[in-house]
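Asks: So that you have it, the file is final-v5.cif, and it contains mmCIF, C-alpha atoms and all ligand atoms:
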data_upload
#
loop_
_atom_site.label_atom_id
_atom_site.label_comp_id
_atom_site.auth_asym_id
_atom_site.auth_seq_id
_atom_site.Cartn_x
_atom_site.Cartn_y
_atom_site.Cartn_z
CA MET A 1 64.30 -19.58 7.13
CA LEU A 2 61.49 -20.22 4.71
CA CYS A 3 59.90 -17.67 2.43
CA LYS A 4 56.36 -18.98 2.12
CA SER A 5 54.59 -16.40 0.02
CA VAL A 6 54.96 -12.97 -1.49
CA SER A 7 52.21 -10.60 -2.57
CA LEU A 8 53.03 -7.55 -4.63
CA ARG A 9 50.83 -4.72 -5.81
CA GLN A 10 51.98 -2.14 -8.31
CA TYR A 11 55.61 -3.01 -7.71
CA ARG A 12 57.75 -2.14 -10.77
CA ASN A 13 56.14 -3.84 -13.80
CA ILE A 14 54.13 -6.19 -11.56
CA GLU A 15 50.52 -5.06 -11.32
CA ALA A 16 49.56 -7.85 -8.93
CA ALA A 17 51.27 -11.09 -7.96
CA ASP A 18 50.47 -13.62 -5.24
CA ILE A 19 53.15 -16.27 -5.26
CA THR A 20 53.71 -19.20 -2.93
CA PHE A 21 57.09 -20.86 -2.60
CA GLY A 22 57.98 -24.43 -1.76
CA PRO A 23 60.86 -25.31 0.58
CA GLY A 24 63.27 -26.35 -2.19
CA ILE A 25 64.26 -24.72 -5.45
CA THR A 26 61.87 -22.40 -7.27
CA VAL A 27 62.83 -21.39 -10.76
CA ILE A 28 61.41 -18.14 -12.10
CA HIS A 29 61.56 -18.50 -15.82
CA GLY A 30 60.90 -15.91 -18.52
CA GLU A 31 62.29 -13.81 -21.34
CA ASN A 32 64.27 -10.67 -20.67
CA ALA A 33 62.58 -7.65 -19.11
CA GLN A 34 59.52 -9.56 -17.91
CA GLY A 35 59.92 -9.00 -14.15
CA LYS A 36 62.18 -11.79 -12.88
CA THR A 37 64.71 -9.56 -11.19
CA ASN A 38 61.91 -7.27 -10.03
CA LEU A 39 60.47 -10.16 -8.01
CA LEU A 40 63.86 -10.97 -6.43
CA GLU A 41 64.39 -7.30 -5.73
CA ALA A 42 61.11 -7.23 -3.80
CA VAL A 43 61.96 -10.37 -1.82
CA CYS A 44 65.41 -9.04 -1.07
CA THR A 45 64.01 -5.75 0.20
CA PHE A 46 62.63 -7.59 3.22
CA ALA A 47 66.16 -8.75 4.04
CA LEU A 48 68.13 -5.58 3.28
CA GLY A 49 65.53 -2.94 4.04
CA LYS A 50 66.13 -1.39 0.64
CA SER A 51 66.42 -2.23 -3.03
CA PHE A 52 69.59 -4.14 -3.87
CA ARG A 53 69.63 -2.18 -7.13
CA GLY A 54 69.99 1.04 -5.16
CA ALA A 55 66.55 2.29 -6.22
CA ALA A 56 64.77 4.92 -4.16
CA ASP A 57 61.41 3.81 -2.78
CA ARG A 58 59.32 5.82 -5.22
CA ASP A 59 61.16 4.30 -8.21
CA VAL A 60 59.67 0.88 -7.51
CA ILE A 61 56.09 2.09 -7.80
CA LEU A 62 54.52 0.97 -11.07
CA PHE A 63 54.73 3.95 -13.42
CA ASP A 64 51.93 6.50 -12.90
CA ARG A 65 50.45 4.73 -9.88
CA GLU A 66 50.03 6.17 -6.40
CA TYR A 67 51.57 3.46 -4.28
CA ALA A 68 53.28 0.08 -4.19
CA GLU A 69 52.64 -2.62 -1.62
CA MET A 70 54.73 -5.65 -0.75
CA LYS A 71 53.94 -8.43 1.67
CA MET A 72 55.89 -11.51 2.59
CA THR A 73 55.05 -14.40 4.87
CA PHE A 74 58.02 -16.36 6.14
CA ALA A 75 58.73 -18.94 8.80
CA ASP A 76 61.67 -18.19 11.05
CA GLY A 77 61.81 -21.57 12.72
CA ILE A 78 59.43 -20.56 15.48
CA ARG A 79 56.36 -19.14 13.81
CA ASP A 80 55.01 -17.57 10.65
CA ARG A 81 55.44 -13.86 10.30
CA THR A 82 54.16 -11.41 7.76
CA LEU A 83 56.13 -8.33 6.89
CA ARG A 84 54.47 -5.58 4.93
CA ILE A 85 55.95 -2.53 3.24
CA PHE A 86 53.66 0.15 1.87
CA ILE A 87 55.29 2.77 -0.34
CA PRO A 88 53.25 5.92 -0.99
CA GLY A 89 54.04 7.89 -4.13
CA LYS A 90 53.33 11.34 -2.71
CA ALA A 91 56.41 13.47 -2.20
CA GLY A 92 57.31 13.79 1.46
CA MET A 93 55.39 10.69 2.56
CA ARG A 94 57.45 7.85 3.94
CA ARG A 95 57.01 4.13 3.67
CA VAL A 96 55.05 2.21 6.27
CA MET A 97 56.49 -1.07 7.57
CA GLU A 98 54.71 -3.69 9.64
CA ASP A 99 55.57 -6.97 11.30
CA ASN A 100 52.42 -9.06 11.81
CA GLY A 101 50.41 -5.84 11.68
CA VAL A 102 52.57 -4.01 14.23
CA LYS A 103 54.32 -0.90 12.99
CA ILE A 104 58.09 -1.02 12.60
CA ALA A 105 59.56 2.41 13.27
CA ARG A 106 62.96 2.16 11.65
CA VAL A 107 64.37 0.24 8.70
CA ALA A 108 67.13 -1.03 11.00
CA ASP A 109 64.44 -2.73 13.09
CA MET A 110 63.21 -4.73 10.11
CA ILE A 111 66.61 -5.90 8.95
CA GLY A 112 67.72 -9.25 10.30
CA GLN A 113 64.20 -10.65 10.69
CA PHE A 114 64.07 -12.26 7.26
CA ARG A 115 67.51 -13.27 6.04
CA ALA A 116 68.56 -13.88 2.45
CA VAL A 117 71.74 -14.26 0.46
CA LEU A 118 71.54 -12.58 -2.91
CA PHE A 119 73.78 -13.85 -5.65
CA CYS A 120 73.81 -12.04 -8.99
CA PRO A 121 76.22 -11.97 -11.93
CA GLU A 122 78.00 -8.89 -10.54
CA HIS A 123 79.03 -11.00 -7.54
CA LEU A 124 80.96 -13.31 -9.85
CA SER A 125 83.45 -10.48 -10.23
CA LEU A 126 83.83 -9.86 -6.50
CA ILE A 127 87.53 -10.66 -6.89
CA GLN A 128 88.32 -8.64 -10.05
CA GLU A 129 86.33 -5.61 -8.99
CA GLY A 130 87.74 -2.70 -7.01
CA PRO A 131 87.58 -2.62 -3.18
CA MET A 132 84.08 -1.15 -3.14
CA ALA A 133 82.53 -4.45 -4.29
CA ARG A 134 84.18 -6.28 -1.38
CA ARG A 135 83.22 -3.58 1.12
CA ASN A 136 79.62 -3.89 -0.07
CA PHE A 137 79.83 -7.65 0.37
CA LEU A 138 80.89 -7.15 3.98
CA ASP A 139 78.34 -4.42 4.70
CA VAL A 140 75.35 -6.29 3.28
CA ALA A 141 76.27 -9.53 5.04
CA ILE A 142 77.12 -8.07 8.44
CA SER A 143 74.11 -5.72 8.46
CA GLN A 144 71.74 -8.67 8.25
CA LEU A 145 73.40 -10.42 11.17
CA ARG A 146 73.95 -7.37 13.32
CA PRO A 147 71.43 -4.56 12.80
CA VAL A 148 73.54 -2.32 15.06
CA TYR A 149 76.28 -2.57 12.43
CA MET A 150 73.96 -1.04 9.87
CA ALA A 151 73.06 1.78 12.22
CA THR A 152 76.76 2.48 12.82
CA LEU A 153 77.45 2.36 9.09
CA THR A 154 74.68 4.87 8.43
CA ASP A 155 76.13 7.17 11.10
CA TYR A 156 79.63 6.72 9.69
CA ASN A 157 78.50 7.63 6.18
CA ARG A 158 76.71 10.71 7.47
CA VAL A 159 79.80 11.88 9.37
CA LEU A 160 82.01 11.13 6.36
CA LYS A 161 79.78 13.26 4.16
CA GLN A 162 80.02 16.16 6.61
CA ARG A 163 83.76 15.83 6.91
CA ASN A 164 84.19 15.69 3.13
CA ALA A 165 82.00 18.77 2.69
CA LEU A 166 84.17 20.56 5.23
CA ILE A 167 87.33 19.56 3.38
CA LYS A 168 85.94 20.80 0.06
CA GLN A 169 84.88 24.09 1.60
CA ALA A 170 88.30 24.61 3.22
CA GLU A 171 89.85 25.68 -0.09
CA GLU A 172 87.74 28.82 -0.01
CA ASP A 173 87.39 29.41 3.69
CA ARG A 174 89.69 27.64 6.11
CA ARG A 175 88.11 28.99 9.29
CA PRO A 176 85.07 26.67 9.61
CA PHE A 177 87.39 23.79 8.83
CA ASP A 178 89.83 24.63 11.60
CA GLU A 179 86.99 25.14 14.07
CA THR A 180 85.16 21.86 13.55
CA ILE A 181 87.53 19.33 11.99
CA GLU A 182 88.50 17.86 15.36
CA PHE A 183 84.90 17.08 16.18
CA TRP A 184 84.18 15.37 12.85
CA SER A 185 87.47 13.50 12.93
CA SER A 186 86.78 12.10 16.38
CA GLN A 187 83.27 11.06 15.34
CA LEU A 188 84.61 9.36 12.25
CA ALA A 189 87.33 7.56 14.20
CA GLN A 190 84.89 6.38 16.85
CA LYS A 191 82.30 4.96 14.43
CA GLY A 192 84.99 3.74 12.06
CA ALA A 193 86.69 1.67 14.75
CA LEU A 194 83.46 -0.23 15.41
CA LEU A 195 83.07 -1.02 11.72
CA CYS A 196 86.68 -2.22 11.48
CA ALA A 197 86.29 -4.69 14.35
CA ALA A 198 83.11 -6.16 12.88
CA ARG A 199 84.62 -6.42 9.41
CA LEU A 200 87.79 -8.09 10.69
CA ASP A 201 85.77 -10.66 12.59
CA TYR A 202 83.48 -11.35 9.64
CA THR A 203 86.38 -11.62 7.17
CA LYS A 204 88.04 -14.23 9.36
CA ARG A 205 84.88 -16.29 9.38
CA VAL A 206 84.50 -15.96 5.61
CA CYS A 207 88.12 -17.00 5.22
CA ALA A 208 87.60 -20.20 7.21
CA SER A 209 84.47 -21.06 5.26
CA VAL A 210 86.01 -20.28 1.85
CA ALA A 211 89.04 -22.40 2.73
CA ALA A 212 86.82 -25.36 3.62
CA CYS A 213 84.90 -24.87 0.40
CA PHE A 214 88.08 -24.88 -1.66
CA ALA A 215 89.48 -27.94 0.04
CA ASP A 216 86.25 -29.57 -1.06
CA MET A 217 86.33 -28.21 -4.62
CA THR A 218 89.98 -28.80 -5.41
CA GLY A 219 90.95 -31.65 -3.13
CA GLY A 220 93.26 -29.32 -1.18
CA ARG A 221 95.37 -28.26 -4.18
CA GLU A 222 94.41 -24.64 -3.91
CA THR A 223 94.49 -22.74 -0.64
CA PRO A 224 92.72 -19.40 -0.51
CA GLU A 225 93.22 -16.76 2.12
CA LEU A 226 91.14 -13.68 2.82
CA THR A 227 92.66 -10.93 4.91
CA TYR A 228 90.92 -7.84 6.16
CA MET A 229 92.81 -4.69 5.14
CA GLY A 230 92.04 -1.61 7.20
CA SER A 231 93.37 1.85 6.47
CA ALA A 232 94.44 2.90 9.98
CA HIS A 233 98.08 1.83 9.52
CA LEU A 234 97.80 -1.16 11.87
CA GLU A 235 98.48 -4.87 11.69
CA THR A 236 95.42 -6.91 10.70
CA GLU A 237 94.86 -8.40 14.15
CA GLN A 238 95.00 -4.97 15.79
CA TYR A 239 91.72 -3.99 14.14
CA ALA A 240 89.94 -6.02 16.81
CA ASP A 241 91.06 -3.43 19.39
CA THR A 242 88.53 -0.63 18.94
CA ALA A 243 90.27 1.78 21.34
CA LEU A 244 93.53 1.40 19.46
CA VAL A 245 91.89 1.76 16.04
CA GLU A 246 90.00 4.84 17.18
CA LYS A 247 93.20 6.44 18.43
CA SER A 248 95.18 5.57 15.33
CA LEU A 249 92.44 6.76 12.96
CA PHE A 250 91.98 9.98 14.90
CA GLU A 251 95.71 10.72 14.73
CA LEU A 252 95.75 10.14 10.99
CA LEU A 253 92.67 12.30 10.52
CA MET A 254 94.24 15.15 12.52
CA SER A 255 97.74 15.18 11.08
CA HIS A 256 97.41 15.35 7.29
CA HIS A 257 94.93 18.14 6.70
CA ASP A 258 96.79 19.80 3.85
CA ARG A 259 96.97 16.48 2.05
CA GLU A 260 93.27 15.84 2.54
CA ILE A 261 92.34 19.35 1.39
CA GLY A 262 94.55 18.83 -1.66
CA ALA A 263 92.82 15.53 -2.40
CA GLY A 264 89.41 17.06 -1.63
CA THR A 265 88.35 14.06 0.44
CA THR A 266 88.87 12.01 3.61
CA LEU A 267 91.84 9.72 3.09
CA TRP A 268 91.55 7.31 6.06
CA GLY A 269 88.76 5.19 7.45
CA PRO A 270 86.67 2.13 6.66
CA HIS A 271 85.48 3.68 3.39
CA LYS A 272 88.99 2.77 2.16
CA ASP A 273 88.95 -0.82 3.44
CA ASP A 274 89.46 -3.90 1.34
CA ILE A 275 89.74 -7.65 1.64
CA ALA A 276 92.97 -9.06 0.21
CA VAL A 277 92.24 -12.39 -1.46
CA THR A 278 95.07 -14.76 -2.27
CA LEU A 279 95.21 -18.21 -3.79
CA ASN A 280 98.26 -20.28 -2.88
CA GLY A 281 99.83 -17.10 -1.55
CA LYS A 282 99.40 -15.08 -4.77
CA GLU A 283 97.04 -12.16 -5.07
CA ALA A 284 93.96 -13.64 -6.74
CA ARG A 285 92.99 -10.42 -8.47
CA PHE A 286 96.12 -10.50 -10.59
CA PHE A 287 97.23 -14.12 -10.68
CA ALA A 288 94.17 -16.36 -10.45
CA SER A 289 92.42 -17.47 -13.63
CA GLN A 290 88.94 -16.19 -14.34
CA GLY A 291 87.58 -19.61 -13.39
CA GLN A 292 89.42 -19.58 -10.07
CA GLN A 293 88.20 -16.05 -9.38
CA ARG A 294 84.64 -17.17 -10.03
CA SER A 295 85.07 -20.15 -7.72
CA LEU A 296 86.32 -17.79 -5.01
CA SER A 297 83.29 -15.55 -5.50
CA ILE A 298 80.93 -18.52 -5.27
CA ALA A 299 82.71 -19.67 -2.12
CA MET A 300 82.35 -16.19 -0.58
CA LYS A 301 78.61 -16.18 -1.27
CA LEU A 302 78.21 -19.69 0.17
CA ALA A 303 80.22 -18.53 3.19
CA GLU A 304 77.69 -15.76 3.71
CA GLY A 305 75.00 -18.44 3.96
CA GLU A 306 77.06 -20.66 6.28
CA ILE A 307 77.83 -17.81 8.69
CA SER A 308 74.19 -16.75 8.78
CA MET A 309 73.35 -20.38 9.61
CA GLU A 310 75.99 -20.51 12.36
CA ASP A 311 74.59 -17.40 14.00
CA SER A 312 70.90 -18.14 13.74
CA GLY A 313 70.64 -21.92 13.46
CA GLU A 314 68.89 -21.62 10.13
CA TYR A 315 69.98 -21.22 6.55
CA PRO A 316 68.92 -17.99 4.89
CA VAL A 317 66.95 -18.05 1.65
CA PHE A 318 69.23 -18.04 -1.38
CA LEU A 319 68.24 -15.70 -4.21
CA PHE A 320 70.09 -16.37 -7.46
CA ASP A 321 69.53 -13.83 -10.18
CA ASP A 322 70.63 -15.26 -13.53
CA VAL A 323 73.81 -16.79 -12.11
CA LEU A 324 73.56 -20.40 -13.20
CA SER A 325 73.69 -19.55 -16.90
CA GLU A 326 76.94 -17.68 -16.22
CA LEU A 327 78.68 -20.74 -14.80
CA ASP A 328 80.35 -23.65 -16.52
CA LYS A 329 79.05 -27.15 -15.93
CA ASN A 330 81.33 -28.05 -13.02
CA ARG A 331 80.78 -24.88 -11.04
CA ARG A 332 77.05 -25.02 -11.68
CA GLN A 333 77.01 -28.60 -10.45
CA TYR A 334 79.03 -27.71 -7.37
CA LEU A 335 76.77 -24.81 -6.50
CA LEU A 336 73.65 -26.94 -6.92
CA GLU A 337 75.11 -29.65 -4.68
CA ARG A 338 75.95 -27.14 -1.99
CA ILE A 339 72.49 -25.59 -1.93
CA ALA A 340 70.65 -28.90 -2.00
CA GLY A 341 68.05 -29.03 0.76
CA LYS A 342 67.97 -25.25 1.17
CA GLN A 343 65.39 -22.85 -0.14
CA VAL A 344 66.50 -21.20 -3.36
CA ILE A 345 64.60 -18.79 -5.57
CA MET A 346 66.42 -18.45 -8.87
CA THR A 347 65.72 -16.66 -12.11
CA THR A 348 66.70 -17.79 -15.55
CA CYS A 349 66.02 -17.01 -19.22
CA GLU A 350 67.00 -20.48 -20.37
CA PRO A 351 65.20 -23.69 -19.56
CA LEU A 352 67.14 -25.31 -16.71
CA GLY A 353 67.09 -28.94 -17.76
CA GLU A 354 69.66 -31.40 -16.40
CA GLY A 355 67.19 -33.07 -14.09
CA ILE A 356 67.03 -30.33 -11.47
CA SER A 357 63.98 -30.92 -9.38
CA ALA A 358 62.29 -27.58 -8.88
CA ASP A 359 59.02 -25.70 -8.80
CA VAL A 360 58.75 -23.59 -11.90
CA ILE A 361 57.00 -20.26 -12.22
CA SER A 362 56.89 -18.47 -15.54
CA VAL A 363 56.67 -14.74 -15.89
CA ASN A 364 55.42 -12.75 -18.80
CA ASN A 365 55.07 -8.97 -18.70
CA GLY A 366 54.86 -8.91 -14.93
CA LEU A 367 52.33 -11.75 -14.76
CA PHE A 368 53.46 -14.83 -12.82
CA THR A 369 52.05 -18.31 -13.51
CA GLN A 370 52.76 -21.51 -11.66
CA VAL A 371 53.94 -24.03 -14.26
CA LYS A 372 55.09 -26.99 -12.21
CA SER A 373 55.32 -27.90 -8.57
N1 LIG A 401 58.63 1.47 -11.67
C1 LIG A 401 58.39 0.72 -12.75
N2 LIG A 401 57.14 0.66 -13.28
C2 LIG A 401 56.90 -0.11 -14.37
N3 LIG A 401 57.81 -0.88 -14.97
C3 LIG A 401 59.06 -0.87 -14.46
C4 LIG A 401 59.41 -0.07 -13.33
N4 LIG A 401 60.72 -0.27 -13.07
C5 LIG A 401 61.16 -1.14 -13.99
N5 LIG A 401 60.16 -1.51 -14.83
C6 LIG A 401 60.23 -2.45 -15.97
O1 LIG A 401 60.58 -3.75 -15.51
C7 LIG A 401 61.20 -4.42 -16.59
C8 LIG A 401 62.47 -5.11 -16.14
O2 LIG A 401 62.16 -6.09 -15.26
P1 LIG A 401 63.29 -7.05 -14.71
O3 LIG A 401 62.68 -7.77 -13.59
O4 LIG A 401 64.55 -6.32 -14.47
O5 LIG A 401 63.49 -7.99 -15.98
P2 LIG A 401 64.09 -9.45 -16.06
O6 LIG A 401 62.91 -10.37 -16.25
O7 LIG A 401 64.93 -9.41 -17.29
O8 LIG A 401 64.86 -9.72 -14.83
C9 LIG A 401 61.56 -3.41 -17.63
O9 LIG A 401 60.73 -3.60 -18.75
C10 LIG A 401 61.31 -2.09 -16.94
O10 LIG A 401 60.88 -1.10 -17.81
MG MG A 402 66.95 -9.81 -14.64
#
For this file, write the structure as C-alpha cells.

Replies:
Amino acid sequence: MLCKSVSLRQYRNIEAADITFGPGITVIHGENAQGKTNLLEAVCTFALGKSFRGAADRDVILFDREYAEMKMTFADGIRDRTLRIFIPGKAGMRRVMEDNGVKIARVADMIGQFRAVLFCPEHLSLIQEGPMARRNFLDVAISQLRPVYMATLTDYNRVLKQRNALIKQAEEDRRPFDETIEFWSSQLAQKGALLCAARLDYTKRVCASVAACFADMTGGRETPELTYMGSAHLETEQYADTALVEKSLFELLMSHHDREIGAGTTLWGPHKDDIAVTLNGKEARFFASQGQQRSLSIAMKLAEGEISMEDSGEYPVFLFDDVLSELDKNRRQYLLERIAGKQVIMTTCEPLGEGISADVISVNNGLFTQVKS
C-alpha cells in the first residue's frame, strides 16, 4: 500500500495543501499547533472512515468556511486509486465519498480500501490503560480488515444504546422493559457473538506476532501472552463458537434484570471485553516495568501491520504521530529497523537527526513545504 499524494482544502487549519509522498519515510516537521496531526488525521480518515480524534465531520472544516475537501491517491498493488471526501458545512447535509469518481454509498464501503496503522503517544499506554483502549485497538484493526465487522459493531452499539435506555427507563416504568427486553437481549447476544469470534481470532494472531517480536527484542528472555477475555462466562477458546456464545450471552442478559436495573446499564457483552496481557506469566499491567509495557505496545502496533500484510499481501502505511520522541534510544532504533522498507509518515517537533534517511516536509501555520527529498 502506497499513499502517493494528498490534497486538502479547508481542512482544520490547512487552507490548501497538495503533498506528494515517497515510498519510504516522510517526516512532517514543525512547531506545536501548526497542523502536523491534522494532516495525519486527514490521511487516517481514508483508512478508518472517520477522524481518529473522534471529531464530527463538521468540526474538521476550517473555521467559518462552508466545506472541507480531502483527496488521496494511493496504489493498492494493482492500480492507482483516488478517494475523495467532500464535507459540506450546512446542517443536515452529509458527506460525499468517491472512489475514482464513483460514489461510495456507505462509510463501511470505503473502509478497507486504503489501509493504515496509526501509532500515537496514547498507544504507548495500551497496556496501562483500562480495557476500553484495548477494545478500541481491536475494533480499529479488525474493521480495516473486515468491513463487515465494522457494520456489526455499529449495529451492536445501536442495540446496546437501546437496551441501556430501556434499563434506565425501567426504574420509573417497568412495563415497556418487560415487554421488549427479550427482543433487545437476543439482538445484543446475536451481534455480540459475532464480535467475540472475530476478536478472539484477531487476538490470537496478535499474540503470535507480539511473541515473535519479543523473542527478537529480548533474545527470548521475556515471553508475552495476550489472551482474549470475553464476558459471557466461557473459556477463551469457546468464544469461537458463535452459537454457544449467543446462547450464553442471551441467558446472562435474561436472568439478571434486577441487577442490571440497579446498575443502570447492560452488564454483559463485548462492550465489557478485554485482552489480558502477561509477560513471563505475570499480568503486565501490574508487574511489567514502564519500558516493558511500552515495548509490548510497540509490538502490538507492529502486529497490526503484520496481520494486515498477511491478509492483503501488502504492508499498510504507518502513521506515527509524535511517537519517536517518546521512546528511548533502543526502542526508537528497534522501531525504525522494523519499519525499514515500508512507507511511514511521521510527525515530529524535534529535528530527527541520527542519520535517518527520509523526505522532510515542514509545516508552519497549516502551510506545508517540501524541505528535502
Ligand atoms: N476546524 C478547524 N479550523 C481551523 N483550525 C483548526 C480547526 N481544528 C483545529 N484547528 C487548529 O489546528 C491547530 C492544531 O493542529 P495540530 O495538527 O493538532 O497541531 P500539531 O502540529 O501540534 O500536531 C490548532 O491551532 C487548532 O486551533
Ligand atoms: Mg500533534

Asks: Which residues are near Gly220 in chain A? Cut-off 12 Å, only C-alpha atoms, ignore same chain within fewer than 4 positions. Put them as a ChimeraX atom specification.

Replies: /A:210-216,224,279-280

Asks: Pick out the residues sitting within 12 Å of Val159 in chain A, and hand them over as a list in words; count all atoms listed in the file, and ignore anything fewer than 5 positions along from it in its own chain.

Replies: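 These residues fall inside the cut-off: Thr152, Leu153, Thr154, Asn164, Ala165, Leu166, Ile181, Phe183, Trp184, Ser185, Ser186, Gln187, Leu188, Ala189, Gln190, Lys191, Gly192, Thr266, Gly269 and His271 of chain A.
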
Asks: Closest to ligand LIG 401 (chain A) among A:Asp321, A:Asp273, A:Asp173, A:Asp76, using only C-alpha atoms and all ligand atoms?

Replies: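 When distances to ligand LIG 401 (chain A) are compared using only C-alpha atoms and all ligand atoms, the smallest one comes from A:Asp321.
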
Asks: I'd like the interatomic distance between CA of Pro270 in chain A and CA of Glu237 in chain A, to a tenth of an Å.

Replies: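 Spanning CA of Pro270 in chain A to CA of Glu237 in chain A is a straight-line distance of 15.3 Å.
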
Asks: For Asp18 in chain A, list every protein, DNA or RNA residue within 10 Å, evaluated using all atoms listed in the file, and leave out those in the same chain fewer than 2 positions away; present the list as a VMD selection string.

Replies: chain A and resid 5 to 9 16 20 71 to 72 367 to 369

Asks: Can I get the selection written as a PDB file, keeping the file's coordinate frame, with C-alpha atoms?

Replies:
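Result file part-v1.pdb:
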ATOM      1  CA  SER A   5      54.590 -16.400   0.020  1.00  0.00           C
ATOM      2  CA  VAL A   6      54.960 -12.970  -1.490  1.00  0.00           C
ATOM      3  CA  SER A   7      52.210 -10.600  -2.570  1.00  0.00           C
ATOM      4  CA  LEU A   8      53.030  -7.550  -4.630  1.00  0.00           C
ATOM      5  CA  ARG A   9      50.830  -4.720  -5.810  1.00  0.00           C
ATOM      6  CA  ALA A  16      49.560  -7.850  -8.930  1.00  0.00           C
ATOM      7  CA  THR A  20      53.710 -19.200  -2.930  1.00  0.00           C
ATOM      8  CA  LYS A  71      53.940  -8.430   1.670  1.00  0.00           C
ATOM      9  CA  MET A  72      55.890 -11.510   2.590  1.00  0.00           C
ATOM     10  CA  LEU A 367      52.330 -11.750 -14.760  1.00  0.00           C
ATOM     11  CA  PHE A 368      53.460 -14.830 -12.820  1.00  0.00           C
ATOM     12  CA  THR A 369      52.050 -18.310 -13.510  1.00  0.00           C
TER      13      THR A 369
END

Asks: I want to know what sits within 9 Å of range 35-50 of chain A, based on all atoms listed in the file, with residues of the same chain fewer than 2 positions away left out; could you give that as a ChimeraX atom specification?

Replies: /A:3,6,8,11-14,28-33,52-57,60,70-72,83-85,107-108,110-118,140,143-144,319-322,345-348,362-368

Asks: Have a look at A:Cys120, A:Ile142, A:Met132, A:Ile339 and name the one nearest to ligand MG 402 (chain A); count all atoms listed in the file.

Replies: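 That would be A:Cys120, the residue with the smallest distance to ligand MG 402 (chain A).
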
Asks: Would you mind listing what lies within 7 Å of Val277 in chain A as a list in words, with only C-alpha atoms counted and same-chain residues fewer than 4 positions away left out?

Replies: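 Listing them by chain and then by number gives Glu225, Leu226, Thr227, Glu283 and Ala284 of chain A.
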
Asks: To one decimal place, how far is CA of Asp328 in chain A from CA of Gly291 in chain A in Å?

Replies: 8.9 Å

Asks: CA of Leu327 in chain A and CA of Gln370 in chain A are how many Å apart?

Replies: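 Atom-to-atom, CA of Leu327 in chain A and CA of Gln370 in chain A are spaced 26.1 Å apart.
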